[in-house]
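Chemist: Got a file for you: upload_39.txt, compact mmCIF, C-alpha atoms and all ligand atoms.
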```txt
# COMPACT_ATOMS: atom_id res chain seq x y z
CA MET N 1 -18.82 -9.94 -11.28
CA ALA N 2 -22.48 -9.57 -12.38
CA SER N 3 -25.32 -11.73 -11.09
CA LEU N 4 -28.63 -12.64 -12.72
CA ILE N 5 -31.42 -11.79 -10.29
CA THR N 6 -34.17 -10.43 -12.57
CA MET N 7 -34.51 -9.96 -16.32
CA ASP N 8 -33.57 -6.31 -15.77
CA ASP N 9 -29.98 -7.58 -15.41
CA LEU N 10 -29.92 -8.53 -19.11
CA SER N 11 -30.37 -6.27 -22.13
CA ASN N 12 -32.17 -7.61 -25.18
CA GLU N 13 -28.76 -7.90 -26.86
CA ASP N 14 -27.45 -9.94 -23.89
CA ILE N 15 -30.46 -12.26 -24.15
CA LEU N 16 -30.01 -12.84 -27.88
CA ALA N 17 -26.26 -13.46 -27.43
CA ILE N 18 -26.99 -16.08 -24.73
CA LEU N 19 -29.57 -17.78 -26.97
CA ASP N 20 -27.07 -17.79 -29.86
CA ASP N 21 -24.37 -19.35 -27.65
CA ALA N 22 -26.90 -21.89 -26.37
CA GLU N 23 -27.68 -22.89 -29.95
CA ILE N 24 -23.99 -23.57 -30.60
CA LEU N 25 -23.72 -25.63 -27.41
CA LEU N 26 -26.59 -28.00 -28.30
CA PRO N 27 -24.28 -30.90 -29.33
CA VAL N 28 -22.41 -30.54 -26.02
CA ALA N 29 -25.65 -30.61 -24.04
CA ARG N 30 -26.66 -33.75 -25.94
CA GLY N 31 -23.32 -35.44 -25.20
CA GLN N 32 -22.37 -35.46 -28.92
CA ALA N 33 -19.31 -33.24 -28.43
CA TYR N 34 -16.92 -32.68 -25.54
CA LEU N 35 -15.97 -29.09 -24.81
CA PRO N 36 -14.39 -28.55 -21.37
CA LEU N 37 -14.88 -24.79 -21.26
CA LEU N 38 -15.60 -24.89 -17.51
CA GLN N 39 -12.77 -27.22 -16.47
CA GLY N 40 -11.52 -26.13 -13.04
CA LYS N 41 -14.71 -24.15 -12.32
CA LEU N 42 -17.02 -25.02 -9.46
CA LEU N 43 -20.75 -24.20 -9.10
CA GLY N 44 -22.46 -24.16 -5.70
CA ASN N 45 -26.07 -25.36 -5.89
CA LEU N 46 -27.96 -23.85 -2.95
CA PHE N 47 -31.59 -24.94 -3.13
CA PHE N 48 -33.57 -24.02 -0.02
CA GLU N 49 -36.78 -25.08 -1.81
CA PRO N 50 -37.57 -28.25 -3.80
CA SER N 51 -36.43 -28.44 -7.43
CA THR N 52 -35.86 -31.13 -10.04
CA ARG N 53 -35.21 -29.32 -13.35
CA THR N 54 -33.44 -26.17 -12.26
CA ARG N 55 -31.04 -27.88 -9.86
CA MET N 56 -30.33 -30.85 -12.14
CA SER N 57 -29.95 -28.80 -15.31
CA PHE N 58 -27.46 -26.46 -13.63
CA GLU N 59 -25.52 -29.54 -12.56
CA THR N 60 -25.73 -31.09 -16.04
CA ALA N 61 -24.65 -27.82 -17.65
CA MET N 62 -21.53 -27.60 -15.47
CA LYS N 63 -20.56 -31.25 -15.92
CA ARG N 64 -21.14 -31.33 -19.69
CA LEU N 65 -18.70 -28.41 -19.93
CA GLY N 66 -16.07 -30.12 -17.76
CA GLY N 67 -16.85 -28.19 -14.57
CA ASP N 68 -17.95 -29.50 -11.19
CA VAL N 69 -20.70 -28.88 -8.65
CA ILE N 70 -21.15 -28.93 -4.90
CA ASN N 71 -24.65 -29.11 -3.46
CA LEU N 72 -26.07 -27.81 -0.21
CA GLY N 73 -28.25 -30.93 -0.39
CA ASP N 74 -31.34 -31.39 1.70
CA VAL N 75 -31.79 -28.27 3.84
CA SER N 76 -32.81 -30.49 6.77
CA SER N 77 -29.34 -32.04 6.83
CA SER N 78 -27.53 -28.69 6.54
CA SER N 79 -26.55 -26.23 9.27
CA VAL N 80 -29.59 -24.13 8.30
CA VAL N 81 -31.50 -26.26 10.86
CA LYS N 82 -29.01 -25.13 13.55
CA GLY N 83 -30.04 -21.55 12.81
CA GLU N 84 -27.32 -20.49 10.36
CA THR N 85 -28.39 -17.33 8.57
CA LEU N 86 -28.59 -16.96 4.80
CA TYR N 87 -25.89 -14.29 5.03
CA ASP N 88 -23.45 -16.64 6.77
CA THR N 89 -24.24 -19.53 4.42
CA ILE N 90 -23.62 -17.34 1.37
CA ARG N 91 -20.42 -15.80 2.79
CA MET N 92 -19.05 -19.26 3.42
CA VAL N 93 -20.02 -20.89 0.09
CA ASP N 94 -18.74 -17.76 -1.66
CA GLY N 95 -15.26 -18.87 -0.65
CA TYR N 96 -15.73 -22.42 -1.95
CA VAL N 97 -16.99 -21.87 -5.48
CA ASP N 98 -16.79 -19.70 -8.62
CA ILE N 99 -20.54 -19.18 -9.09
CA ILE N 100 -23.71 -19.94 -7.10
CA ALA N 101 -27.14 -21.08 -8.30
CA MET N 102 -29.74 -20.47 -5.63
CA ARG N 103 -33.43 -21.02 -4.95
CA HIS N 104 -35.07 -19.67 -1.83
CA PRO N 105 -38.69 -19.39 -0.63
CA ARG N 106 -38.29 -15.70 0.26
CA GLN N 107 -38.81 -13.08 -2.44
CA GLY N 108 -35.72 -10.89 -2.60
CA ALA N 109 -33.40 -13.54 -1.16
CA ALA N 110 -31.36 -13.82 -4.38
CA GLN N 111 -30.70 -10.06 -4.41
CA TYR N 112 -29.72 -10.25 -0.75
CA ALA N 113 -27.32 -13.10 -1.55
CA SER N 114 -25.85 -11.17 -4.44
CA ASP N 115 -25.27 -8.18 -2.18
CA SER N 116 -23.45 -10.51 0.26
CA ALA N 117 -21.30 -12.47 -2.21
CA GLU N 118 -18.26 -11.85 -4.37
CA VAL N 119 -19.11 -14.56 -6.91
CA PRO N 120 -22.07 -14.28 -9.34
CA ILE N 121 -25.47 -15.42 -8.05
CA LEU N 122 -27.91 -17.07 -10.46
CA ASN N 123 -31.45 -16.69 -9.20
CA GLY N 124 -33.11 -20.08 -9.62
CA GLY N 125 -36.36 -18.75 -8.11
CA ASP N 126 -37.03 -16.50 -5.12
CA GLY N 127 -40.47 -17.16 -3.65
CA ALA N 128 -43.15 -15.56 -5.80
CA GLY N 129 -40.56 -13.16 -7.23
CA HIS N 130 -38.49 -14.01 -10.29
CA HIS N 131 -37.08 -17.00 -12.19
CA PRO N 132 -34.88 -15.45 -14.90
CA THR N 133 -32.91 -18.55 -15.89
CA GLN N 134 -36.25 -20.22 -16.63
CA THR N 135 -37.08 -17.26 -18.88
CA LEU N 136 -33.92 -17.83 -20.92
CA LEU N 137 -34.86 -21.44 -21.62
CA ASP N 138 -38.45 -20.39 -22.33
CA LEU N 139 -37.28 -17.81 -24.88
CA PHE N 140 -34.91 -20.35 -26.43
CA THR N 141 -37.81 -22.80 -26.81
CA ILE N 142 -40.05 -20.16 -28.38
CA ARG N 143 -37.32 -19.13 -30.82
CA GLN N 144 -36.68 -22.78 -31.76
CA ALA N 145 -40.36 -23.20 -32.63
CA HIS N 146 -41.14 -19.85 -34.27
CA GLY N 147 -37.71 -18.68 -35.49
CA THR N 148 -38.16 -15.45 -33.51
CA ILE N 149 -39.22 -14.15 -30.12
CA GLU N 150 -40.55 -10.91 -31.55
CA GLY N 151 -44.17 -9.90 -32.06
CA LEU N 152 -45.84 -13.16 -31.01
CA ASN N 153 -49.19 -13.65 -29.26
CA VAL N 154 -48.50 -15.41 -25.98
CA ALA N 155 -51.15 -16.64 -23.54
CA LEU N 156 -49.88 -17.01 -19.97
CA VAL N 157 -52.28 -19.26 -18.07
CA GLY N 158 -52.89 -20.21 -14.44
CA ASP N 159 -51.27 -18.84 -11.32
CA LEU N 160 -50.07 -15.44 -12.47
CA ARG N 161 -50.12 -14.03 -8.94
CA PHE N 162 -47.54 -16.29 -7.32
CA GLY N 163 -45.94 -17.69 -10.51
CA ARG N 164 -42.37 -16.41 -10.67
CA THR N 165 -41.81 -17.98 -14.11
CA VAL N 166 -44.51 -15.80 -15.65
CA HIS N 167 -43.37 -12.71 -13.76
CA SER N 168 -39.94 -12.95 -15.42
CA LEU N 169 -41.18 -14.23 -18.78
CA SER N 170 -43.85 -11.54 -19.25
CA HIS N 171 -41.23 -8.85 -18.76
CA ALA N 172 -38.93 -10.32 -21.42
CA LEU N 173 -41.73 -11.01 -23.92
CA VAL N 174 -42.99 -7.44 -23.76
CA ARG N 175 -39.48 -6.13 -24.34
CA PHE N 176 -39.48 -8.16 -27.57
CA GLY N 177 -42.83 -6.74 -28.67
CA CYS N 178 -45.04 -9.73 -27.87
CA SER N 179 -48.74 -9.31 -27.04
CA LEU N 180 -49.88 -11.00 -23.84
CA THR N 181 -53.18 -12.64 -22.97
CA LEU N 182 -53.20 -13.20 -19.22
CA VAL N 183 -55.59 -16.03 -18.38
CA SER N 184 -56.23 -16.56 -14.68
CA PRO N 185 -58.95 -16.71 -12.07
CA ASP N 186 -59.64 -13.28 -10.62
CA SER N 187 -57.85 -14.16 -7.37
CA LEU N 188 -54.67 -15.20 -9.24
CA ARG N 189 -54.27 -12.22 -11.59
CA MET N 190 -50.84 -10.87 -12.39
CA PRO N 191 -49.88 -8.42 -9.59
CA SER N 192 -50.82 -4.84 -10.48
CA GLU N 193 -47.26 -3.57 -10.00
CA ILE N 194 -46.07 -6.01 -12.69
CA ILE N 195 -48.91 -4.96 -15.02
CA ASP N 196 -47.88 -1.32 -14.44
CA ASP N 197 -44.25 -2.15 -15.32
CA LEU N 198 -45.34 -4.00 -18.47
CA GLN N 199 -47.50 -1.07 -19.54
CA VAL N 200 -44.58 1.32 -19.10
CA LEU N 201 -42.72 -0.97 -21.52
CA GLY N 202 -45.58 -0.50 -24.03
CA ALA N 203 -47.29 -3.86 -23.52
CA THR N 204 -50.49 -4.92 -25.26
CA ILE N 205 -52.26 -6.92 -22.55
CA THR N 206 -55.64 -8.66 -22.36
CA GLN N 207 -56.77 -10.10 -19.02
CA THR N 208 -59.40 -12.84 -19.08
CA GLU N 209 -60.67 -16.00 -17.36
CA ASP N 210 -61.56 -17.62 -20.71
CA LEU N 211 -58.83 -20.02 -21.81
CA ALA N 212 -60.82 -21.44 -24.75
CA ALA N 213 -61.19 -17.99 -26.31
CA ALA N 214 -57.42 -17.43 -26.16
CA ILE N 215 -56.48 -20.62 -28.04
CA PRO N 216 -57.21 -19.73 -31.73
CA SER N 217 -54.98 -16.62 -31.91
CA ALA N 218 -52.14 -17.83 -29.65
CA ASP N 219 -48.64 -18.60 -30.94
CA VAL N 220 -47.70 -19.88 -27.48
CA ILE N 221 -49.88 -21.17 -24.65
CA TYR N 222 -47.80 -21.14 -21.47
CA MET N 223 -49.56 -23.20 -18.79
CA THR N 224 -48.57 -22.97 -15.13
CA ARG N 225 -49.37 -24.94 -12.01
CA ILE N 226 -51.59 -23.44 -9.32
CA GLN N 227 -48.97 -23.40 -6.57
CA LYS N 228 -50.59 -24.84 -3.48
CA GLU N 229 -47.49 -24.11 -1.38
CA ARG N 230 -47.80 -20.33 -1.89
CA PHE N 231 -51.40 -19.99 -0.65
CA PRO N 232 -51.74 -18.63 2.87
CA ASP N 233 -55.04 -20.50 3.21
CA GLU N 234 -56.08 -24.01 2.02
CA ASP N 235 -59.69 -22.91 1.32
CA GLU N 236 -58.47 -20.20 -1.05
CA TYR N 237 -56.38 -22.80 -2.90
CA GLN N 238 -59.33 -25.22 -3.16
CA ARG N 239 -61.46 -22.53 -4.82
CA VAL N 240 -59.07 -22.31 -7.79
CA ALA N 241 -57.42 -25.77 -7.88
CA GLY N 242 -57.88 -27.45 -11.27
CA VAL N 243 -59.54 -24.40 -12.83
CA PHE N 244 -57.59 -24.61 -16.13
CA LYS N 245 -57.07 -27.96 -17.80
CA LEU N 246 -55.88 -28.39 -21.36
CA ALA N 247 -56.65 -31.61 -23.27
CA ALA N 248 -55.79 -32.52 -26.87
CA ALA N 249 -59.37 -31.95 -28.01
CA ASP N 250 -59.24 -28.35 -26.74
CA LEU N 251 -56.44 -27.64 -29.22
CA ALA N 252 -58.53 -28.25 -32.37
CA PRO N 253 -58.97 -24.49 -33.06
CA ALA N 254 -55.27 -23.75 -32.49
CA LYS N 255 -52.85 -22.66 -35.23
CA GLY N 256 -50.71 -25.55 -36.47
CA SER N 257 -47.60 -23.70 -35.31
CA MET N 258 -48.91 -22.98 -31.81
CA ILE N 259 -46.81 -24.50 -29.02
CA VAL N 260 -47.88 -25.52 -25.53
CA MET N 261 -45.28 -24.83 -22.88
CA HIS N 262 -45.13 -25.44 -19.12
CA PRO N 263 -42.22 -24.84 -16.73
CA LEU N 264 -43.16 -28.12 -15.02
CA PRO N 265 -43.92 -29.85 -12.75
CA ARG N 266 -47.49 -30.21 -14.02
CA VAL N 267 -50.25 -31.54 -11.82
CA ASP N 268 -53.44 -31.65 -13.90
CA GLU N 269 -53.13 -28.54 -16.10
CA ILE N 270 -52.13 -30.50 -19.22
CA ALA N 271 -53.69 -33.89 -19.92
CA PRO N 272 -51.26 -36.65 -20.98
CA ASP N 273 -52.97 -36.81 -24.41
CA VAL N 274 -51.48 -33.40 -25.26
CA ASP N 275 -47.98 -34.94 -25.08
CA ALA N 276 -48.41 -36.68 -28.44
CA THR N 277 -49.73 -33.60 -30.28
CA VAL N 278 -47.57 -31.40 -32.53
CA HIS N 279 -48.12 -28.60 -30.03
CA ALA N 280 -46.42 -30.08 -26.96
CA ARG N 281 -43.01 -28.54 -26.20
CA TYR N 282 -42.61 -28.86 -22.41
CA PHE N 283 -40.13 -31.73 -22.40
CA GLU N 284 -37.91 -30.03 -25.03
CA GLN N 285 -38.32 -26.88 -22.93
CA ALA N 286 -36.95 -28.72 -19.86
CA PHE N 287 -34.00 -30.02 -21.91
CA ASN N 288 -33.28 -26.47 -23.09
CA GLY N 289 -32.55 -25.60 -19.47
CA VAL N 290 -29.21 -27.35 -19.87
CA VAL N 291 -28.05 -25.52 -22.95
CA THR N 292 -29.19 -22.05 -21.88
CA ARG N 293 -27.65 -22.45 -18.42
CA MET N 294 -24.39 -23.56 -20.07
CA ALA N 295 -24.34 -20.36 -22.13
CA LEU N 296 -25.29 -18.22 -19.14
CA ILE N 297 -22.62 -19.64 -16.84
CA CYS N 298 -19.96 -19.15 -19.52
CA ARG N 299 -21.03 -15.55 -19.98
CA LEU N 300 -21.02 -14.71 -16.26
CA LEU N 301 -17.61 -16.34 -15.82
CA GLY N 302 -16.20 -14.43 -18.80
CA ILE N 303 -15.64 -17.57 -20.89
CA THR N 304 -16.15 -17.19 -24.64
CA VAL N 305 -18.18 -19.86 -26.40
CA PRO N 306 -16.54 -20.79 -29.73
CA GLN N 307 -18.69 -20.08 -32.77
CA THR N 308 -18.29 -23.64 -34.13
CA ILE N 309 -17.95 -26.95 -32.37
CA ASP N 310 -16.34 -30.09 -33.77
CA THR N 311 -18.82 -32.92 -33.23
CA GLY N 312 -16.15 -35.52 -34.04
CA ASN N 313 -18.06 -37.02 -36.97
CA GLY N 314 -16.46 -34.87 -39.62
CA GLY N 315 -18.93 -32.07 -39.18
CA GLU N 316 -19.03 -28.85 -37.26
CA SER N 317 -22.08 -27.33 -35.69
N1 LIG A 1 -39.22 -25.21 -13.92
C1 LIG A 1 -38.75 -25.39 -12.68
O1 LIG A 1 -38.33 -24.42 -12.01
O2 LIG A 1 -38.76 -26.68 -12.25
P1 LIG A 1 -38.18 -27.19 -10.85
O3 LIG A 1 -39.06 -26.60 -9.77
O4 LIG A 1 -38.24 -28.68 -10.90
O5 LIG A 1 -36.77 -26.66 -10.72
```
Since I need it in another form, could you write the structure as structure tokens?
Modeler:
Amino acid sequence: MASLITMDDLSNEDILAILDDAEILLPVARGQAYLPLLQGKLLGNLFFEPSTRTRMSFETAMKRLGGDVINLGDVSSSSVVKGETLYDTIRMVDGYVDIIAMRHPRQGAAQYASDSAEVPILNGGDGAGHHPTQTLLDLFTIRQAHGTIEGLNVALVGDLRFGRTVHSLSHALVRFGCSLTLVSPDSLRMPSEIIDDLQVLGATITQTEDLAAAIPSADVIYMTRIQKERFPDEDEYQRVAGVFKLAAADLAPAKGSMIVMHPLPRVDEIAPDVDATVHARYFEQAFNGVVTRMALICRLLGITVPQTIDTGNGGES
């Protein structure tokens, strides 16, 4: 059965079908309708790196659809500390569950797990590699706000070198004809091999260090955290820490429809006063992780999402 390791594993048609299913599942994600599509199914959550949203939204998605979850839990209390290899851990959990969500600090680990497992692997982030399930919720959020994911101007801001969310998202956006403004310090530019891939896909890309100049024409400003944990050297991190900060006043020249997104957690990239503006979408974005992961799990397990759902109040969604 197929895994989701990078956005290359999904066609544009697959992506749109998942977003459509996610839309239908919104009342289930909100607890307004009960739909046990995943009853009897078990997800293994294997997070070898910290996570709040990805791990919890996978768990919420399973449970809202009547399924269940087992967790590796804290790595320090698992047999990983006794020296168990990733291969052995995956081979063993493969026998326990129907599908595995995994995060690992090593780039390529999710592909390695997929090559070792019978059940589908959902890449919840592999080092500075990819984060495709985040991309699905990002696209869902963009479509909710703009009614489309095609032909938009998207500014990706911050740590584009180590940021796996922007590596996956940029790929998908270009496939839907979006123009990208890549805003980063010189030392945190998008890796050249990713730029090359995007250009093969026909991307229109501007690279800059000037966030203010990118605001007026943007339909989406996607902020990211400078990821201290990925820097080989503390001094290098200190040179770029806090370089991009967005406050409500900075958004005065923005289009009224422009949305500010962030995969979260934020540190100081977005001031709290942005939260109350019409532009802020990052908390809705985090919620959308539930509904898109519901749709994705159903798809990978071959379970059809019904096209209408009875919300129990006389209406159907
Ligand atoms: N967006 C995201 O991946 O958040 P977590 O690190 O909390 O899972």
Chemist: Return as a VMD selection string every polymer residue, whether protein, DNA or RNA, with at least one atom no more than 10 Å from an atom of ligand LIG 1 (chain A); count all atoms listed in the file.
Modeler: chain N and resid 47 49 to 58 103 124 to 125 131 133 to 135 137 to 138 164 to 165 224 262 to 266 282 285 to 286 289
Chemist: Give me, as a PyMOL selection string, all polymer residues having an atom no more than 10 Å from Ile90 in chain N, counting only C-alpha atoms and skipping those fewer than 4 positions away in the same chain.
Modeler: chain N and resi 44+46+85-86+94-96+100+102+112-119+121
Chemist: Name the residues, using the chain letters and numbers of the file, that sit within 12 Å of (-33.9, -21.2, -25.1) when counting all atoms listed in the file, and give them as an MDAnalysis selection string.
Modeler: chainID N and resid 15:26 132:149 169 281:282 284:296
Chemist: Would you compute the distance between CA of Val28 in chain N and CA of Asp68 in chain N? Give it in Å to one decimal.
Modeler: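 CA of Asp68 in chain N lies at a distance of 15.5 Å from CA of Val28 in chain N.
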Chemist: Given all atoms listed in the file as the basis, pick out the residue of N:Asp159, N:Asp8, N:Asp197, N:Glu150 nearest to Glu269 in chain N.
Modeler: N:Asp159
Chemist: With distances taken over all atoms listed in the file, which of N:Thr304, N:Thr208, N:Gln227, N:Gln39 is nearest to Asp268 in chain N?
Modeler: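 Smallest distance to Asp268 in chain N is found for N:Gln227.
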Chemist: Which residues come within 9 Å of Leu152 in chain N, counting only C-alpha atoms, excluding same-chain residues fewer than 2 positions away, as a count of residues only?
Modeler: 14
Chemist: Here is a test: counting all atoms listed in the file, which residue of N:Val93, N:Gly129, N:Pro253, N:Asp14 is nearest to Ala109 in chain N?
Modeler: N:Gly129
Chemist: Give me, please, the distance in Å between CA of Ala241 in chain N and CA of Ala271 in chain N, quoted to one decimal.
Modeler: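 That distance, rounded to one decimal, is 15.0 Å.
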Chemist: Please, what distance in Å, to one decimal, runs between CA of Arg30 in chain N and CA of Thr6 in chain N?
Modeler: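 Atom-to-atom, CA of Arg30 in chain N and CA of Thr6 in chain N are spaced 27.9 Å apart.
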Chemist: Near Val75 in chain N, counting only C-alpha atoms, which residues have an atom at most 12 Å away, once you skip same-chain residues fewer than 2 positions from it, shown as a list in words?
Modeler: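 The neighbour list is Asn45, Leu46, Phe47, Phe48, Glu49, Pro50, Asn71, Leu72, Gly73, Ser77, Ser78, Ser79, Val80, Val81, Lys82, Gly83, Glu84, Leu86, Thr89, Arg103 and His104 of chain N.
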Chemist: Write out as an MDAnalysis selection string which residues come within 6 Å of Leu38 in chain N when counting only C-alpha atoms, dropping same-chain ones fewer than 3 positions away.
Modeler: chainID N and resid 41 65:67
Chemist: With C-alpha atoms retained, write the just-selected residues as a JSON list (two decimals), in the frame of the given file.
Modeler:
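Just written: out32.json:
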```
[["chain", "number", "residue", "atom", "x", "y", "z"],
["N", 41, "LYS", "CA", -14.71, -24.15, -12.32],
["N", 65, "LEU", "CA", -18.70, -28.41, -19.93],
["N", 66, "GLY", "CA", -16.07, -30.12, -17.76],
["N", 67, "GLY", "CA", -16.85, -28.19, -14.57]]
```
Chemist: Using all atoms listed in the file, can you tell me which of N:Pro185, N:Gly127, N:Gly256, N:Pro120 comes closest to Gly302 in chain N?
Modeler: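 Smallest distance to Gly302 in chain N is found for N:Pro120.
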Chemist: Output, as lines of an AutoDock Vina configuration file, the centre and edge lengths in Å (one decimal) of the axis-aligned box that contains all listed atoms of range 15-32 of chain N with 6 Å of margin on each side.
Modeler:
```
center_x = -26.4
center_y = -23.9
center_z = -27.3
size_x = 20.1
size_y = 35.2
size_z = 18.6
```
Chemist: Would you kindly return, as a PyMOL selection string, each protein, DNA or RNA residue with an atom no farther than 12 Å from any atom of Leu246 in chain N, considering all atoms listed in the file and excluding same-chain residues fewer than 4 positions away?
Modeler: chain N and resi 157-158+211-212+215+221-225+242+250-252+260-262+266-275+279-280
Chemist: Considering all atoms listed in the file, can you say which of N:Glu13, N:Val97, N:Lys228, N:Pro27 comes closest to Leu301 in chain N?
Modeler: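 Nearest to Leu301 in chain N: N:Val97.
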